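Here the structure comes first, spelled out in structure tokens, and everything after it is commentary.
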Amino acid sequence: MQIWVDADACPGEIKELLFRAARRTKTKVTLVANQPMRIPGSEYIDSLLVRAGADVADHKIVELLEPGDLVITADIPLAANVVAKGGEGLNPRGELYTKANIGERLAMRNLLDELRGGGEITGGPSNFSDKDRQIFANQLDRWLTAAKK
């Protein structure tokens, strides 16, 4: 069991939570990015540098993950690929992507993308908040507890 992080767009606060959880639970966490990442020294924390390009990090994560792994990502198409391969995805705001909900989330993402492309919706998500961080931390703890059983 391992946690993979789509690290280029992952908030720093979430990475710090993951680093603490990795050491506390002795769970391997790997940050995958197309730019060098600063990580603390720990046998449980690693980074993987991939070449620049659209979805290169996403493809590497899907290639390397094993069923039962968790992927931290806000990228719903990546989460759909993760779930298809037997993993789970966790959004930095705390939404867990599973077989039960990923189809609906992907359809909603595609609809919103079309509406944005047509100019019917402008703007993006709200700013990352303390509440988002807390929801993420709670969901991560639940996943870690279940995975360690």
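Chain identifiers are assigned as A, B, and so on, following the order in which chains appear in the structure tokens; residues are numbered from 1 within each chain, and ligands are numbered from 1 in order of appearance.
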
Could you pull out the alpha helix (DSSP H) residues of chain A from DSSP and send them as number ranges by chain?
-> A: 12-25, 56-64, 76-84, 102-117, 130-148

Mind the document's chain letters and residue numbers, and return as a PyMOL selection string the residues of stretch 24-106 of chain A that DSSP labels strand (DSSP E or B).
-> chain A and resi 28-33+45-49+70-72+88-90+96-97

Atoms kept (N, CA and C atoms) for selection, written as a PDB file, in the first residue's frame:
ATOM      1  N   LYS A  28       4.480   4.568   2.757  1.00  0.00           N
ATOM      2  CA  LYS A  28       5.267   5.158   1.677  1.00  0.00           C
ATOM      3  C   LYS A  28       4.446   6.222   0.951  1.00  0.00           C
ATOM      4  N   VAL A  29       5.020   7.421   0.803  1.00  0.00           N
ATOM      5  CA  VAL A  29       4.417   8.527   0.058  1.00  0.00           C
ATOM      6  C   VAL A  29       5.405   8.942  -1.020  1.00  0.00           C
ATOM      7  N   THR A  30       4.963   8.976  -2.268  1.00  0.00           N
ATOM      8  CA  THR A  30       5.818   9.398  -3.381  1.00  0.00           C
ATOM      9  C   THR A  30       5.163  10.568  -4.095  1.00  0.00           C
ATOM     10  N   LEU A  31       5.894  11.682  -4.175  1.00  0.00           N
ATOM     11  CA  LEU A  31       5.443  12.853  -4.920  1.00  0.00           C
ATOM     12  C   LEU A  31       5.922  12.718  -6.350  1.00  0.00           C
ATOM     13  N   VAL A  32       5.023  12.836  -7.309  1.00  0.00           N
ATOM     14  CA  VAL A  32       5.373  12.746  -8.723  1.00  0.00           C
ATOM     15  C   VAL A  32       5.138  14.121  -9.340  1.00  0.00           C
ATOM     16  N   ALA A  33       6.193  14.679  -9.962  1.00  0.00           N
ATOM     17  CA  ALA A  33       6.101  16.037 -10.494  1.00  0.00           C
ATOM     18  C   ALA A  33       7.069  16.216 -11.650  1.00  0.00           C
ATOM     19  N   ILE A  45       9.277   8.788   2.560  1.00  0.00           N
ATOM     20  CA  ILE A  45       8.909   9.884   1.669  1.00  0.00           C
ATOM     21  C   ILE A  45       9.907   9.948   0.522  1.00  0.00           C
ATOM     22  N   ASP A  46       9.375  10.005  -0.691  1.00  0.00           N
ATOM     23  CA  ASP A  46      10.213  10.003  -1.885  1.00  0.00           C
ATOM     24  C   ASP A  46       9.595  10.933  -2.918  1.00  0.00           C
ATOM     25  N   SER A  47      10.392  11.296  -3.915  1.00  0.00           N
ATOM     26  CA  SER A  47       9.851  12.062  -5.040  1.00  0.00           C
ATOM     27  C   SER A  47      10.344  11.432  -6.333  1.00  0.00           C
ATOM     28  N   LEU A  48       9.553  11.615  -7.358  1.00  0.00           N
ATOM     29  CA  LEU A  48       9.872  11.083  -8.677  1.00  0.00           C
ATOM     30  C   LEU A  48       9.716  12.214  -9.669  1.00  0.00           C
ATOM     31  N   LEU A  49      10.796  12.558 -10.341  1.00  0.00           N
ATOM     32  CA  LEU A  49      10.791  13.634 -11.322  1.00  0.00           C
ATOM     33  C   LEU A  49      10.526  13.045 -12.703  1.00  0.00           C
ATOM     34  N   LEU A  70      -3.441   4.723  -2.891  1.00  0.00           N
ATOM     35  CA  LEU A  70      -4.196   5.969  -2.865  1.00  0.00           C
ATOM     36  C   LEU A  70      -3.429   7.014  -3.661  1.00  0.00           C
ATOM     37  N   VAL A  71      -4.153   7.792  -4.467  1.00  0.00           N
ATOM     38  CA  VAL A  71      -3.544   8.869  -5.242  1.00  0.00           C
ATOM     39  C   VAL A  71      -4.184  10.187  -4.812  1.00  0.00           C
ATOM     40  N   ILE A  72      -3.347  11.144  -4.439  1.00  0.00           N
ATOM     41  CA  ILE A  72      -3.811  12.468  -4.059  1.00  0.00           C
ATOM     42  C   ILE A  72      -3.792  13.323  -5.322  1.00  0.00           C
ATOM     43  N   GLU A  88      -7.672   4.207  -5.261  1.00  0.00           N
ATOM     44  CA  GLU A  88      -8.626   5.235  -4.878  1.00  0.00           C
ATOM     45  C   GLU A  88      -7.948   6.586  -5.029  1.00  0.00           C
ATOM     46  N   GLY A  89      -8.746   7.607  -5.273  1.00  0.00           N
ATOM     47  CA  GLY A  89      -8.224   8.960  -5.383  1.00  0.00           C
ATOM     48  C   GLY A  89      -8.777   9.806  -4.251  1.00  0.00           C
ATOM     49  N   LEU A  90      -7.963  10.750  -3.786  1.00  0.00           N
ATOM     50  CA  LEU A  90      -8.395  11.669  -2.752  1.00  0.00           C
ATOM     51  C   LEU A  90      -8.042  13.079  -3.184  1.00  0.00           C
ATOM     52  N   LEU A  96     -13.165  11.728  -1.578  1.00  0.00           N
ATOM     53  CA  LEU A  96     -12.608  10.434  -1.946  1.00  0.00           C
ATOM     54  C   LEU A  96     -13.285   9.945  -3.221  1.00  0.00           C
ATOM     55  N   TYR A  97     -12.482   9.552  -4.207  1.00  0.00           N
ATOM     56  CA  TYR A  97     -12.993   9.027  -5.473  1.00  0.00           C
ATOM     57  C   TYR A  97     -12.897   7.507  -5.450  1.00  0.00           C
TER      58      TYR A  97
END

Hey, can you check how far atom CA of A:Glu13 sits from atom CA of A:Ser126?
->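 Taking atom CA of A:Glu13 and atom CA of A:Ser126, their separation equals 16.1 Å.
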
Quick one: pull the distance between atom CA of A:Asp8 and atom CA of A:Arg24, Å, one decimal.
-> 24.0 Å

Do you have, as CSV, the list of residues of stretch 25-124 of chain A lying at most 8 Å from stretch 131-134 of chain A, each with its nearest atom pair and that distance in Å to one decimal, counting only C-alpha atoms and ordered by chain then number?
residue,atom,partner,partner_atom,distance
A:Pro92,CA,A:Arg133,CA,7.4
A:Arg93,CA,A:Asp132,CA,4.6
A:Gly94,CA,A:Asp132,CA,6.6

Please produce an output containing all heavy atoms for each residue in the selection, written as a PDB file, in the first residue's frame.
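To be explicit, this is the file written out as again-v3.pdb:
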ATOM      1  N   PRO A  92      -7.419  17.058  -2.747  1.00  0.00           N
ATOM      2  CA  PRO A  92      -6.861  17.840  -1.640  1.00  0.00           C
ATOM      3  C   PRO A  92      -7.916  18.520  -0.765  1.00  0.00           C
ATOM      4  O   PRO A  92      -7.620  18.938   0.349  1.00  0.00           O
ATOM      5  CB  PRO A  92      -5.973  18.875  -2.341  1.00  0.00           C
ATOM      6  CG  PRO A  92      -5.567  18.213  -3.601  1.00  0.00           C
ATOM      7  CD  PRO A  92      -6.781  17.415  -4.016  1.00  0.00           C
ATOM      8  N   ARG A  93      -9.140  18.604  -1.236  1.00  0.00           N
ATOM      9  CA  ARG A  93     -10.227  19.171  -0.424  1.00  0.00           C
ATOM     10  C   ARG A  93     -10.983  18.087   0.347  1.00  0.00           C
ATOM     11  O   ARG A  93     -11.963  18.356   1.022  1.00  0.00           O
ATOM     12  CB  ARG A  93     -11.185  19.969  -1.301  1.00  0.00           C
ATOM     13  CG  ARG A  93     -10.525  21.209  -1.885  1.00  0.00           C
ATOM     14  CD  ARG A  93     -11.474  21.957  -2.781  1.00  0.00           C
ATOM     15  NE  ARG A  93     -10.805  23.044  -3.472  1.00  0.00           N
ATOM     16  CZ  ARG A  93     -10.846  24.325  -3.083  1.00  0.00           C
ATOM     17  NH1 ARG A  93     -11.518  24.676  -2.017  1.00  0.00           N
ATOM     18  NH2 ARG A  93     -10.206  25.239  -3.779  1.00  0.00           N
ATOM     19  N   GLY A  94     -10.536  16.829   0.217  1.00  0.00           N
ATOM     20  CA  GLY A  94     -11.073  15.755   1.031  1.00  0.00           C
ATOM     21  C   GLY A  94     -12.111  14.864   0.393  1.00  0.00           C
ATOM     22  O   GLY A  94     -12.679  13.996   1.048  1.00  0.00           O
TER      23      GLY A  94
END

Which residue, A:Leu111, A:Leu18, A:Ala84, A:Ala79, has the smallest gap to A:Pro67 when you use only C-alpha atoms?
->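 That would be A:Ala84, the residue with the smallest distance to A:Pro67.
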
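Taking atom CA of A:Gly86 and atom CA of A:Thr27 as the two end points, the separation is 18.3 Å.
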
Contacts of A:Ala146 within 12 Å, only C-alpha atoms, excl. fewer than 4 positions in-chain, as a list in words = Met1, Gly68, Asp69, Leu70, Gln139, Leu140, Asp141 and Arg142 of chain A

Save the residues we just selected, C-alpha atoms, as a PDB file, in the first residue's frame?
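Result written to part36.pdb:
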ATOM      1  CA  MET A   1       0.000   0.000   0.000  1.00  0.00           C
ATOM      2  CA  GLY A  68      -5.269  -0.565  -3.124  1.00  0.00           C
ATOM      3  CA  ASP A  69      -2.950   2.442  -3.470  1.00  0.00           C
ATOM      4  CA  LEU A  70      -4.196   5.969  -2.865  1.00  0.00           C
ATOM      5  CA  GLN A 139     -10.501  11.428   5.090  1.00  0.00           C
ATOM      6  CA  LEU A 140      -6.782  10.539   4.950  1.00  0.00           C
ATOM      7  CA  ASP A 141      -6.901   9.208   8.517  1.00  0.00           C
ATOM      8  CA  ARG A 142      -9.949   7.069   7.667  1.00  0.00           C
TER       9      ARG A 142
END

With only C-alpha atoms as the basis for distance, which of A:Glu66, A:Ala9, A:Leu106, A:Glu95 is at the shortest distance from A:Ala80?
-> A:Leu106

Nearest candidate to A:Lys85 (options A:Glu120, A:Thr73, A:Ile61, A:Ala107; using only C-alpha atoms) =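 The answer is A:Ile61, which sits nearest to A:Lys85.
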